[in-house]
file coords_21.txt (compact mmCIF, C-alpha atoms)
# COMPACT_ATOMS: atom_id res chain seq x y z
CA MET A 1444 121.41 -11.06 -86.27
CA THR A 1445 124.56 -9.35 -87.37
CA LYS A 1446 126.01 -6.47 -85.48
CA ASN A 1447 124.88 -4.02 -88.15
CA SER A 1448 121.24 -4.97 -88.12
CA ASN A 1449 120.43 -5.22 -84.44
CA ASN A 1450 118.05 -2.40 -85.06
CA GLN A 1451 115.36 -4.02 -87.23
CA SER A 1452 114.38 -0.71 -88.77
CA GLU A 1453 117.79 -0.23 -90.36
CA TRP A 1454 119.25 -2.01 -93.35
CA PRO A 1455 122.64 -3.73 -92.92
CA LEU A 1456 125.78 -1.86 -93.86
CA TRP A 1457 127.86 -2.75 -96.94
CA GLU A 1458 131.34 -1.63 -97.89
CA VAL A 1459 131.73 -0.51 -101.48
CA PHE A 1460 134.89 -1.02 -103.55
CA TYR A 1461 135.38 0.21 -107.09
CA GLN A 1462 137.93 -0.58 -109.74
CA PRO A 1463 139.16 2.61 -111.38
CA LYS A 1464 140.50 0.88 -114.53
CA ASP A 1465 140.96 -2.55 -116.00
CA GLY A 1466 143.74 -4.38 -114.17
CA LYS A 1467 143.89 -1.85 -111.31
CA PRO A 1468 143.22 -2.96 -107.74
CA PHE A 1469 139.83 -2.22 -106.22
CA GLU A 1470 139.72 0.78 -103.91
CA HIS A 1471 137.45 1.48 -101.01
CA ALA A 1472 134.81 4.04 -101.94
CA GLY A 1473 132.68 4.16 -98.80
CA SER A 1474 129.66 2.38 -97.47
CA VAL A 1475 125.92 2.11 -98.10
CA HIS A 1476 122.91 0.64 -96.34
CA ALA A 1477 120.87 -1.96 -98.21
CA ALA A 1478 118.58 -4.88 -97.43
CA ASP A 1479 120.44 -7.33 -99.70
CA ALA A 1480 123.39 -7.63 -102.07
CA GLU A 1481 121.55 -6.68 -105.25
CA MET A 1482 120.13 -3.51 -103.67
CA ALA A 1483 123.55 -2.75 -102.23
CA MET A 1484 124.89 -2.78 -105.79
CA GLN A 1485 122.13 -0.41 -106.88
CA ASN A 1486 122.79 1.93 -103.99
CA ALA A 1487 126.53 1.78 -104.53
CA ARG A 1488 126.03 2.70 -108.15
CA ASP A 1489 123.89 5.68 -107.18
CA THR A 1490 126.21 6.86 -104.46
CA TYR A 1491 129.66 6.14 -105.85
CA ALA A 1492 129.54 5.47 -109.57
CA ARG A 1493 127.79 8.35 -111.26
CA ARG A 1494 130.86 10.41 -112.14
CA SER A 1495 132.81 7.79 -114.11
CA GLU A 1496 134.77 6.73 -111.06
CA GLY A 1497 135.40 3.23 -112.31
CA ILE A 1498 134.44 0.21 -114.32
CA ALA A 1499 133.47 -2.35 -111.68
CA ILE A 1500 132.04 -2.47 -108.17
CA TRP A 1501 132.26 -4.91 -105.29
CA VAL A 1502 129.94 -4.77 -102.31
CA VAL A 1503 130.82 -6.66 -99.15
CA PRO A 1504 128.74 -6.97 -95.99
CA SER A 1505 130.63 -4.80 -93.49
CA ASP A 1506 130.35 -7.43 -90.78
CA GLN A 1507 132.23 -9.88 -93.02
CA ILE A 1508 135.34 -7.75 -92.83
CA THR A 1509 137.79 -8.65 -90.10
CA ALA A 1510 139.71 -5.54 -89.25
CA SER A 1511 142.71 -4.79 -87.11
CA THR A 1512 142.10 -2.87 -83.92
CA THR A 1513 144.05 -0.07 -82.31
CA GLU A 1514 145.59 -2.59 -79.92
CA ASP A 1515 147.06 -4.36 -82.94
CA GLU A 1516 148.95 -1.25 -83.88
CA GLU A 1517 152.29 -2.19 -82.31
CA PRO A 1518 152.65 -5.83 -83.31
CA PHE A 1519 151.21 -5.16 -86.77
CA PHE A 1520 152.66 -1.90 -87.81
CA ASP A 1521 155.80 -1.20 -85.81
CA PRO A 1522 158.29 -0.71 -88.63
CA ALA A 1523 161.04 -2.70 -86.88
CA ASN A 1524 163.70 -0.10 -87.59
CA ASP A 1525 166.21 -2.19 -85.70
CA LYS A 1526 166.09 -4.76 -88.47
CA PRO A 1527 167.55 -2.82 -91.37
CA TYR A 1528 167.72 -5.90 -93.60
CA ARG A 1529 163.97 -5.69 -93.92
CA HIS A 1530 164.27 -2.47 -95.85
CA PRO A 1531 165.24 -2.96 -99.46
CA GLN A 1532 166.89 0.44 -99.99
CA PHE A 1533 170.37 -1.09 -99.82
CA TYR A 1534 169.88 -2.55 -103.23
CA SER A 1535 170.48 -0.18 -106.07
CA THR A 1536 167.84 -0.14 -108.76
CA PRO A 1537 169.13 -0.62 -112.29
CA ARG A 1538 168.62 2.46 -114.44
CA ALA A 1539 166.42 0.67 -116.94
CA VAL A 1540 163.94 -0.17 -114.20
CA LYS A 1541 163.91 3.41 -112.92
CA LYS A 1542 163.05 4.72 -116.38
CA ARG A 1543 160.01 2.52 -116.63
CA LYS A 1544 158.40 3.91 -113.52
CA MET B 883 99.77 24.42 -130.55
CA SER B 884 97.40 22.03 -128.92
CA THR B 885 97.06 18.78 -130.78
CA LEU B 886 93.33 18.42 -130.15
CA ASP B 887 92.63 18.08 -133.85
CA ILE B 888 95.70 19.41 -135.58
CA LYS B 889 97.94 17.13 -137.53
CA PRO B 890 101.49 18.50 -137.91
CA GLU B 891 102.30 19.07 -141.57
CA THR B 892 106.00 19.61 -142.15
CA LYS B 893 108.70 17.14 -141.24
CA ASN B 894 110.17 19.56 -138.70
CA LYS B 895 106.80 20.06 -137.04
CA ILE B 896 106.34 16.31 -136.80
CA LEU B 897 109.82 15.97 -135.31
CA VAL B 898 109.09 18.66 -132.72
CA GLU B 899 105.79 17.00 -131.82
CA VAL B 900 107.52 13.63 -131.31
CA MET B 901 110.18 15.19 -129.11
CA LEU B 902 107.73 17.17 -127.02
CA ARG B 903 105.70 14.03 -126.34
CA LEU B 904 108.81 12.15 -125.24
CA ALA B 905 110.10 15.10 -123.26
CA ASP B 906 106.84 16.00 -121.50
CA ASP B 907 106.44 12.45 -120.18
CA ARG B 908 109.93 12.69 -118.72
CA LEU B 909 109.73 16.21 -117.35
CA ILE B 910 106.47 15.59 -115.51
CA HIS B 911 107.58 12.20 -114.22
CA GLY B 912 110.92 13.70 -113.21
CA HIS B 913 109.11 16.42 -111.28
CA ARG B 914 107.00 13.85 -109.42
CA LEU B 915 110.11 11.82 -108.57
CA SER B 916 111.91 14.95 -107.41
CA GLU B 917 109.17 15.41 -104.82
CA TRP B 918 110.83 12.52 -102.95
CA THR B 919 114.06 14.42 -102.51
CA GLY B 920 114.64 14.68 -98.79
CA HIS B 921 111.70 12.37 -98.13
CA GLY B 922 113.00 9.00 -99.36
CA PRO B 923 112.46 5.97 -97.14
CA GLU B 924 116.23 5.69 -96.59
CA LEU B 925 119.10 7.97 -97.47
CA GLU B 926 120.27 5.59 -100.20
CA GLU B 927 116.82 5.39 -101.81
CA ASP B 928 116.44 9.13 -101.49
CA LEU B 929 119.60 9.48 -103.57
CA ALA B 930 118.44 6.87 -106.06
CA LEU B 931 115.08 8.56 -106.66
CA ALA B 932 116.72 11.96 -106.95
CA ASN B 933 119.17 10.52 -109.47
CA VAL B 934 116.38 8.99 -111.54
CA ALA B 935 114.51 12.30 -111.39
CA LEU B 936 117.61 14.10 -112.64
CA ASP B 937 118.00 11.58 -115.47
CA MET B 938 114.39 12.14 -116.56
CA ILE B 939 114.64 15.92 -116.40
CA GLY B 940 117.97 15.72 -118.22
CA HIS B 941 116.43 13.66 -121.03
CA ALA B 942 113.60 16.17 -121.30
CA ALA B 943 115.99 19.13 -121.36
CA ALA B 944 118.02 17.61 -124.21
CA LEU B 945 114.86 16.99 -126.27
CA TYR B 946 113.46 20.47 -125.54
CA SER B 947 116.70 22.08 -126.51
CA TYR B 948 116.74 20.36 -129.91
CA ALA B 949 113.07 21.29 -130.39
CA ALA B 950 113.90 24.91 -129.51
CA GLU B 951 116.69 24.89 -132.08
CA ILE B 952 114.30 23.68 -134.77
CA GLU B 953 111.48 26.03 -133.81
CA GLY B 954 113.78 29.02 -133.39
CA LYS B 955 112.88 29.52 -129.72
CA GLU B 956 115.40 31.28 -127.53
CA ASP B 957 115.95 28.29 -125.24
CA GLU B 958 114.42 25.06 -124.00
CA ASP B 959 112.93 26.74 -120.92
CA TYR B 960 110.01 27.95 -123.01
CA TYR B 961 108.62 24.42 -123.22
CA ALA B 962 108.90 23.71 -119.51
CA TYR B 963 107.87 27.05 -118.06
CA PHE B 964 105.74 28.97 -120.50
CA ARG B 965 103.22 26.46 -121.80
CA ASP B 966 99.86 25.84 -120.16
CA ASP B 967 98.53 22.44 -119.16
CA ILE B 968 96.50 22.01 -122.36
CA ASP B 969 99.71 22.24 -124.40
CA PHE B 970 101.53 19.55 -122.45
CA LYS B 971 101.61 16.22 -124.26
CA ASN B 972 102.50 13.83 -121.45
CA VAL B 973 100.32 10.83 -120.65
CA ALA B 974 98.16 11.19 -117.54
CA MET B 975 100.09 8.49 -115.65
CA MET B 976 102.98 10.89 -115.20
CA GLU B 977 100.96 13.67 -113.58
CA LEU B 978 99.20 11.60 -110.90
CA PRO B 979 100.33 12.66 -107.40
CA LYS B 980 103.43 10.94 -106.09
CA GLY B 981 101.49 8.68 -103.72
CA ASP B 982 103.35 6.37 -101.35
CA PHE B 983 106.66 4.67 -102.11
CA ALA B 984 104.92 1.63 -103.61
CA PHE B 985 102.95 3.82 -106.01
CA THR B 986 106.12 5.62 -107.05
CA ILE B 987 107.87 2.32 -107.71
CA ALA B 988 104.91 0.82 -109.59
CA ARG B 989 104.74 3.87 -111.86
CA LEU B 990 108.49 3.95 -112.41
CA PHE B 991 108.54 0.25 -113.26
CA LEU B 992 105.62 0.37 -115.73
CA PHE B 993 106.98 3.47 -117.43
CA SER B 994 110.58 2.21 -117.54
CA ALA B 995 109.46 -1.09 -119.07
CA TYR B 996 107.54 0.94 -121.67
CA SER B 997 110.49 3.29 -122.30
CA TYR B 998 112.84 0.35 -122.61
CA HIS B 999 110.85 -1.15 -125.49
CA LEU B 1000 110.08 2.22 -127.04
CA TYR B 1001 113.70 3.37 -127.11
CA LYS B 1002 114.95 0.00 -128.32
CA ASP B 1003 112.65 0.33 -131.34
CA LEU B 1004 113.22 4.06 -131.83
CA ILE B 1005 116.99 3.62 -132.02
CA GLN B 1006 116.48 1.09 -134.83
CA THR B 1007 114.08 3.35 -136.69
CA VAL B 1008 114.66 7.07 -136.22
CA GLU B 1009 116.66 8.47 -139.11
CA ASP B 1010 117.25 11.91 -137.63
CA GLU B 1011 120.85 11.62 -136.50
CA GLN B 1012 120.77 14.09 -133.62
CA LEU B 1013 117.59 12.66 -132.11
CA ASN B 1014 118.87 9.11 -132.53
CA GLY B 1015 122.12 10.01 -130.78
CA MET B 1016 120.21 11.41 -127.80
CA LEU B 1017 117.98 8.37 -127.59
CA GLN B 1018 120.97 6.04 -127.54
CA LYS B 1019 122.54 7.99 -124.71
CA HIS B 1020 119.32 8.04 -122.69
CA PHE B 1021 118.65 4.35 -123.32
CA LYS B 1022 121.53 3.39 -121.03
CA GLU B 1023 119.91 5.23 -118.15
CA ILE B 1024 116.49 3.79 -118.91
CA LYS B 1025 117.95 0.30 -118.52
CA TYR B 1026 119.12 1.28 -115.07
CA HIS B 1027 115.70 2.73 -114.13
CA LEU B 1028 114.09 -0.52 -115.22
CA ARG B 1029 116.52 -2.59 -113.20
CA HIS B 1030 116.16 -0.47 -110.08
CA SER B 1031 112.37 -0.37 -110.15
CA ARG B 1032 112.11 -4.08 -111.03
CA GLU B 1033 114.23 -4.99 -108.01
CA TRP B 1034 111.94 -2.93 -105.81
CA VAL B 1035 108.74 -4.43 -107.25
CA LEU B 1036 110.11 -7.89 -106.40
CA ARG B 1037 111.00 -6.88 -102.86
CA LEU B 1038 107.80 -5.03 -102.10
CA GLY B 1039 105.59 -7.73 -103.66
CA ASP B 1040 107.38 -10.62 -102.04
CA GLY B 1041 108.16 -8.70 -98.86
CA THR B 1042 105.96 -8.10 -95.84
CA GLU B 1043 102.18 -8.27 -95.76
CA GLU B 1044 102.05 -4.48 -95.67
CA SER B 1045 104.45 -3.95 -98.60
CA HIS B 1046 102.63 -6.60 -100.66
CA LYS B 1047 99.29 -4.92 -100.04
CA ARG B 1048 100.59 -1.48 -100.89
CA ILE B 1049 102.31 -2.40 -104.15
CA GLN B 1050 99.29 -4.47 -105.25
CA ASN B 1051 97.03 -1.48 -104.55
CA ALA B 1052 99.41 0.73 -106.51
CA PHE B 1053 99.29 -1.49 -109.61
CA ASP B 1054 95.50 -1.80 -109.35
CA GLU B 1055 95.14 1.95 -109.07
CA ILE B 1056 97.50 2.90 -111.90
CA TRP B 1057 96.37 0.25 -114.38
CA MET B 1058 93.66 2.36 -116.01
CA TYR B 1059 96.39 4.82 -117.07
CA THR B 1060 98.51 2.23 -118.89
CA GLY B 1061 96.23 1.97 -121.94
CA GLU B 1062 97.14 5.49 -122.99
CA LEU B 1063 100.79 4.56 -123.45
CA PHE B 1064 99.73 2.56 -126.48
CA ASP B 1065 97.25 4.98 -128.07
CA LEU B 1066 98.18 6.17 -131.54
CA ASP B 1067 96.73 9.36 -133.00
CA GLU B 1068 97.16 11.21 -136.31
CA ALA B 1069 100.32 12.92 -135.15
CA ASP B 1070 101.89 9.56 -134.30
CA GLN B 1071 100.84 8.13 -137.65
CA ALA B 1072 102.44 11.05 -139.46
CA ALA B 1073 105.61 10.54 -137.42
CA ILE B 1074 105.68 6.81 -138.15
CA GLU B 1075 105.45 7.55 -141.89
CA GLN B 1076 108.44 9.88 -141.61
CA ARG B 1077 110.47 7.33 -139.65
CA LEU B 1078 110.52 9.65 -136.65
CA PHE B 1079 108.48 7.41 -134.39
CA VAL B 1080 107.46 3.76 -134.11
CA ASP B 1081 104.20 1.88 -133.87
CA VAL B 1082 103.94 1.46 -130.11
CA THR B 1083 101.23 -1.17 -130.42
CA ALA B 1084 103.85 -3.46 -131.99
CA PHE B 1085 105.63 -3.97 -128.66
CA ARG B 1086 102.58 -3.93 -126.42
CA ASN B 1087 102.69 -7.71 -125.99
CA GLU B 1088 106.39 -7.69 -125.15
CA TRP B 1089 105.77 -4.96 -122.58
CA LYS B 1090 102.89 -6.96 -121.20
CA SER B 1091 104.90 -10.16 -120.84
CA LEU B 1092 107.77 -8.32 -119.13
CA VAL B 1093 105.30 -6.79 -116.66
CA ASN B 1094 103.50 -10.11 -116.15
CA GLU B 1095 106.73 -11.93 -115.53
CA VAL B 1096 107.95 -9.48 -112.89
CA LEU B 1097 104.59 -9.21 -111.15
CA LYS B 1098 104.27 -12.97 -111.07
CA GLU B 1099 107.73 -13.34 -109.58
CA ALA B 1100 106.77 -10.68 -107.03
CA THR B 1101 103.67 -12.77 -106.09
CA LEU B 1102 101.38 -10.01 -107.39
CA ASN B 1103 98.21 -10.18 -109.45
CA VAL B 1104 98.30 -8.56 -112.85
CA PRO B 1105 95.33 -6.18 -113.04
CA ASP B 1106 92.65 -6.77 -115.64
CA ASP B 1107 93.16 -5.05 -119.01
CA ASP B 1108 89.46 -5.27 -119.61
CA GLN B 1109 88.57 -2.17 -117.64
CA TYR B 1110 87.99 1.53 -118.28
CA MET B 1111 91.18 3.05 -119.70
CA PHE B 1112 91.92 6.75 -119.44
CA SER B 1113 92.87 8.45 -122.71
CA GLY B 1114 93.35 11.85 -124.28
CA ALA B 1115 96.09 13.46 -122.19
CA ARG B 1116 98.53 13.56 -125.12
CA GLN B 1117 95.92 15.63 -126.94
CA GLY B 1118 95.58 18.06 -124.03
CA ARG B 1119 92.79 16.49 -121.96
CA HIS B 1120 94.66 16.21 -118.69
CA THR B 1121 93.68 15.28 -115.15
CA GLU B 1122 93.16 17.95 -112.51
CA TYR B 1123 96.64 17.27 -111.15
CA LEU B 1124 98.71 18.67 -114.00
CA GLY B 1125 97.55 22.27 -113.51
CA ARG B 1126 98.60 22.21 -109.87
CA LEU B 1127 101.91 20.61 -110.68
CA LEU B 1128 102.64 23.28 -113.28
CA ALA B 1129 101.57 26.06 -110.93
CA GLU B 1130 104.27 24.93 -108.55
CA MET B 1131 106.88 24.15 -111.18
CA GLN B 1132 106.41 27.31 -113.25
CA PHE B 1133 105.66 30.02 -110.72
CA LEU B 1134 109.23 31.18 -110.12
CA ARG B 1135 110.12 31.45 -113.77
CA ARG B 1136 106.85 33.15 -114.63
CA SER B 1137 107.06 35.59 -111.71
CA TYR B 1138 110.67 36.46 -112.53
CA PRO B 1139 111.09 35.79 -116.25
CA ASP B 1140 114.61 37.21 -116.29
CA ALA B 1141 115.86 35.26 -113.29
CA GLU B 1142 119.10 33.41 -113.95
CA TRP B 1143 121.26 30.85 -112.17
CA LYS B 1144 124.37 32.68 -111.04
call {"tool": "encode", "arguments": {"input": "coords_21.txt", "output": "structure tokens"}}
result
Amino acid sequence: MTKNSNNQSEWPLWEVFYQPKDGKPFEHAGSVHAADAEMAMQNARDTYARRSEGIAIWVVPSDQITASTTEDEEPFFDPANDKPYRHPQFYSTPRAVKKRK
Amino acid sequence: MSTLDIKPETKNKILVEVMLRLADDRLIHGHRLSEWTGHGPELEEDLALANVALDMIGHAAALYSYAAEIEGKEDEDYYAYFRDDIDFKNVAMMELPKGDFAFTIARLFLFSAYSYHLYKDLIQTVEDEQLNGMLQKHFKEIKYHLRHSREWVLRLGDGTEESHKRIQNAFDEIWMYTGELFDLDEADQAAIEQRLFVDVTAFRNEWKSLVNEVLKEATLNVPDDDQYMFSGARQGRHTEYLGRLLAEMQFLRRSYPDAEWK
């Protein structure tokens, strides 16, 4: 049994991602409970896709996501300010590139 | 106007009759589905049923509002709140009490499969531009209702012993109300001649094979067609349930006719 369905009376949890536009990356919308993938899609559609939020949905079983923990914060996210070469702001951006932004 | 024995004469009257029949099915079904709001088996399904209810009531509202425009009524509310049960043209299946979740799903599936075929044909046939536009818009949502209810029929049928028993009972119980979906009366004939409606008997077999296929996949028995079939609700001969439903749905508007959403 997965960690989300220890309680037999509750459906497993699914994370819902939606794509706002063609070519755009998927964004996290939230989560839904559902017994299986197809019903998770249905529930995701009802919960997160009724106000033209996007054009495509992914659902992923929540327990399939490996996430960082708070203990990971330092090794993962410390910005390493003592290593200035990691920051690209020393390079000047050509004007043509700036315009395109 | 009750349609007990009156055939609509002008093209506009026929159009209004067609729209009221379509709309009444959806308003009454929408009301029954809305009774699940706050009582769904899970939060997600609660939302889904409320959404489907809103779709149905929305479809009805659009049809009523066009009918009101043609008939010169002040607004579409007249049709929902100020008609009596004898004037409602919905089939009896829609007014049966909400029952358990399996019954709700069985009804939604049978009706969505019917609506799917009906709208597919209507869109090809109906020449009135405004009505056709509405039907096309609503058709997208009907496809979703069909998909959602089909998925549930499969899961309940092929699920636990309890869910199998309940959904089988639901289909057995509701079957005698399916015949009426395919009844044609004089008003329908007049509408078919004017290209405002389609011959529903033409897609009965397609409807039947869709239902058979899903029930078979769900390990359910298809009830026998050769049984007593209820009829006459479209002509005003309703079950005892519609009056009570309307009493609840209409009381506020009838008690306070000038009440407004503010």
call {"tool": "atom_distance", "arguments": {"input": "coords_21.txt", "atom1": "CA of Ala1141 (chain B)", "atom2": "CA of Gly920 (chain B)"}}
result
25.2 Å
call {"tool": "interface_residues", "arguments": {"input": "coords_21.txt", "of": "chain A", "to": "chain B", "cutoff": "9 Å", "atoms": "only C-alpha atoms", "output": "mmCIF file with C-alpha atoms, keeping the file's coordinate frame"}}
result
data_model
loop_
_atom_site.group_PDB
_atom_site.id
_atom_site.type_symbol
_atom_site.label_atom_id
_atom_site.label_comp_id
_atom_site.auth_asym_id
_atom_site.auth_seq_id
_atom_site.Cartn_x
_atom_site.Cartn_y
_atom_site.Cartn_z
ATOM 1 C CA GLU A 1453 117.790 -0.230 -90.360
ATOM 2 C CA TRP A 1454 119.250 -2.010 -93.350
ATOM 3 C CA VAL A 1475 125.920 2.110 -98.100
ATOM 4 C CA HIS A 1476 122.910 0.640 -96.340
ATOM 5 C CA ALA A 1477 120.870 -1.960 -98.210
ATOM 6 C CA GLU A 1481 121.550 -6.680 -105.250
ATOM 7 C CA MET A 1482 120.130 -3.510 -103.670
ATOM 8 C CA GLN A 1485 122.130 -0.410 -106.880
ATOM 9 C CA ASN A 1486 122.790 1.930 -103.990
ATOM 10 C CA ALA A 1487 126.530 1.780 -104.530
ATOM 11 C CA ARG A 1488 126.030 2.700 -108.150
ATOM 12 C CA ASP A 1489 123.890 5.680 -107.180
ATOM 13 C CA THR A 1490 126.210 6.860 -104.460
#
call {"tool": "closest_residue", "arguments": {"input": "coords_21.txt", "among": "B:His1120, B:Lys1098, B:Arg908, B:Lys889", "to": "Leu1036 (chain B)", "atoms": "all atoms listed in the file"}}
result
B:Lys1098
call {"tool": "closest_residue", "arguments": {"input": "coords_21.txt", "among": "A:Trp1457, A:Lys1526, A:Thr1536, A:Glu1470", "to": "Gly1497 (chain A)", "atoms": "all atoms listed in the file"}}
result
A:Glu1470
call {"tool": "atom_distance", "arguments": {"input": "coords_21.txt", "atom1": "CA of Ile968 (chain B)", "atom2": "CA of Lys893 (chain B)"}}
result
23.0 Å
call {"tool": "axis_aligned_box", "arguments": {"input": "coords_21.txt", "around": "region 1484-1490 of chain A", "padding_each_side": "8 Å", "output": "lines of an AutoDock Vina configuration file"}}
result
center_x = 124.3
center_y = 2.0
center_z = -106.1
size_x = 20.4
size_y = 25.6
size_z = 20.2
call {"tool": "atom_distance", "arguments": {"input": "coords_21.txt", "atom1": "CA of Val1082 (chain B)", "atom2": "CA of Ala1069 (chain B)"}}
result
13.0 Å
call {"tool": "residues_around", "arguments": {"input": "coords_21.txt", "residues": "region 949-961 of chain B", "least_positions_apart": "5", "cutoff": "8 Å", "atoms": "all atoms listed in the file", "output": "MDAnalysis selection string"}}
result
chainID B and resid 894 897:898 901:902 943
call {"tool": "write_last_selection", "arguments": {"input": "coords_21.txt", "atoms": "C-alpha atoms", "output": "mmCIF file, in the coordinates of the input"}}
result
data_model
loop_
_atom_site.group_PDB
_atom_site.id
_atom_site.type_symbol
_atom_site.label_atom_id
_atom_site.label_comp_id
_atom_site.auth_asym_id
_atom_site.auth_seq_id
_atom_site.Cartn_x
_atom_site.Cartn_y
_atom_site.Cartn_z
ATOM 1 C CA ASN B 894 110.170 19.560 -138.700
ATOM 2 C CA LEU B 897 109.820 15.970 -135.310
ATOM 3 C CA VAL B 898 109.090 18.660 -132.720
ATOM 4 C CA MET B 901 110.180 15.190 -129.110
ATOM 5 C CA LEU B 902 107.730 17.170 -127.020
ATOM 6 C CA ALA B 943 115.990 19.130 -121.360
#
call {"tool": "closest_residue", "arguments": {"input": "coords_21.txt", "among": "B:His999, B:Arg1116, B:His1046, B:Lys1022", "to": "Val1080 (chain B)", "atoms": "only C-alpha atoms"}}
result
B:His999
call {"tool": "closest_residue", "arguments": {"input": "coords_21.txt", "among": "B:Arg1119, B:Lys980, B:Lys1025, B:Arg914", "to": "Ala1052 (chain B)", "atoms": "all atoms listed in the file"}}
result
B:Lys980
call {"tool": "residues_around", "arguments": {"input": "coords_21.txt", "residues": "Ser1495 (chain A)", "least_positions_apart": "3", "cutoff": "12 Å", "atoms": "all atoms listed in the file", "output": "list in words"}}
result
Tyr1461, Gln1462, Pro1463, Lys1464, Arg1488, Asp1489, Thr1490, Tyr1491, Ala1492, Ile1498, Ala1499 and Ile1500 of chain A
call {"tool": "write_last_selection", "arguments": {"input": "coords_21.txt", "atoms": "C-alpha atoms", "output": "mmCIF file, keeping the file's coordinate frame"}}
result
data_model
loop_
_atom_site.group_PDB
_atom_site.id
_atom_site.type_symbol
_atom_site.label_atom_id
_atom_site.label_comp_id
_atom_site.auth_asym_id
_atom_site.auth_seq_id
_atom_site.Cartn_x
_atom_site.Cartn_y
_atom_site.Cartn_z
ATOM 1 C CA TYR A 1461 135.380 0.210 -107.090
ATOM 2 C CA GLN A 1462 137.930 -0.580 -109.740
ATOM 3 C CA PRO A 1463 139.160 2.610 -111.380
ATOM 4 C CA LYS A 1464 140.500 0.880 -114.530
ATOM 5 C CA ARG A 1488 126.030 2.700 -108.150
ATOM 6 C CA ASP A 1489 123.890 5.680 -107.180
ATOM 7 C CA THR A 1490 126.210 6.860 -104.460
ATOM 8 C CA TYR A 1491 129.660 6.140 -105.850
ATOM 9 C CA ALA A 1492 129.540 5.470 -109.570
ATOM 10 C CA ILE A 1498 134.440 0.210 -114.320
ATOM 11 C CA ALA A 1499 133.470 -2.350 -111.680
ATOM 12 C CA ILE A 1500 132.040 -2.470 -108.170
#
call {"tool": "build_atoms", "arguments": {"input": "coords_21.txt", "residues": "region 1086-1090 of chain B", "atoms": "all heavy atoms", "output": "compact mmCIF listing (two decimals), in the frame of the given file"}}
result
# COMPACT_ATOMS: atom_id res chain seq x y z
N ARG B 1086 103.47 -3.86 -127.59
CA ARG B 1086 102.58 -3.93 -126.42
C ARG B 1086 102.64 -5.31 -125.75
O ARG B 1086 102.68 -5.41 -124.52
CB ARG B 1086 101.15 -3.61 -126.81
CG ARG B 1086 100.26 -3.48 -125.59
CD ARG B 1086 98.86 -3.01 -125.87
NE ARG B 1086 98.21 -2.63 -124.62
CZ ARG B 1086 97.13 -1.90 -124.53
NH1 ARG B 1086 96.59 -1.42 -125.62
NH2 ARG B 1086 96.62 -1.61 -123.36
N ASN B 1087 102.66 -6.36 -126.57
CA ASN B 1087 102.69 -7.71 -125.99
C ASN B 1087 104.00 -8.00 -125.26
O ASN B 1087 104.00 -8.65 -124.22
CB ASN B 1087 102.45 -8.77 -127.06
CG ASN B 1087 100.98 -8.85 -127.42
OD1 ASN B 1087 100.12 -8.47 -126.62
ND2 ASN B 1087 100.70 -9.33 -128.64
N GLU B 1088 105.09 -7.50 -125.83
CA GLU B 1088 106.39 -7.69 -125.15
C GLU B 1088 106.41 -6.97 -123.82
O GLU B 1088 106.92 -7.47 -122.82
CB GLU B 1088 107.52 -7.13 -126.03
CG GLU B 1088 107.96 -8.03 -127.15
CD GLU B 1088 109.03 -7.35 -127.97
OE1 GLU B 1088 110.21 -7.43 -127.60
OE2 GLU B 1088 108.66 -6.69 -128.96
N TRP B 1089 105.88 -5.75 -123.82
CA TRP B 1089 105.77 -4.96 -122.58
C TRP B 1089 104.94 -5.74 -121.56
O TRP B 1089 105.32 -5.88 -120.41
CB TRP B 1089 105.13 -3.60 -122.90
CG TRP B 1089 104.84 -2.76 -121.69
CD1 TRP B 1089 105.71 -1.95 -121.03
CD2 TRP B 1089 103.58 -2.63 -121.01
NE1 TRP B 1089 105.08 -1.34 -119.98
CE2 TRP B 1089 103.78 -1.73 -119.93
CE3 TRP B 1089 102.31 -3.18 -121.19
CZ2 TRP B 1089 102.75 -1.37 -119.05
CZ3 TRP B 1089 101.30 -2.83 -120.31
CH2 TRP B 1089 101.52 -1.93 -119.26
N LYS B 1090 103.81 -6.24 -122.06
CA LYS B 1090 102.89 -6.96 -121.20
C LYS B 1090 103.57 -8.20 -120.60
O LYS B 1090 103.41 -8.49 -119.41
CB LYS B 1090 101.66 -7.37 -122.02
CG LYS B 1090 100.45 -7.83 -121.25
CD LYS B 1090 99.80 -6.70 -120.49
CE LYS B 1090 99.02 -7.20 -119.28
NZ LYS B 1090 97.89 -8.05 -119.62
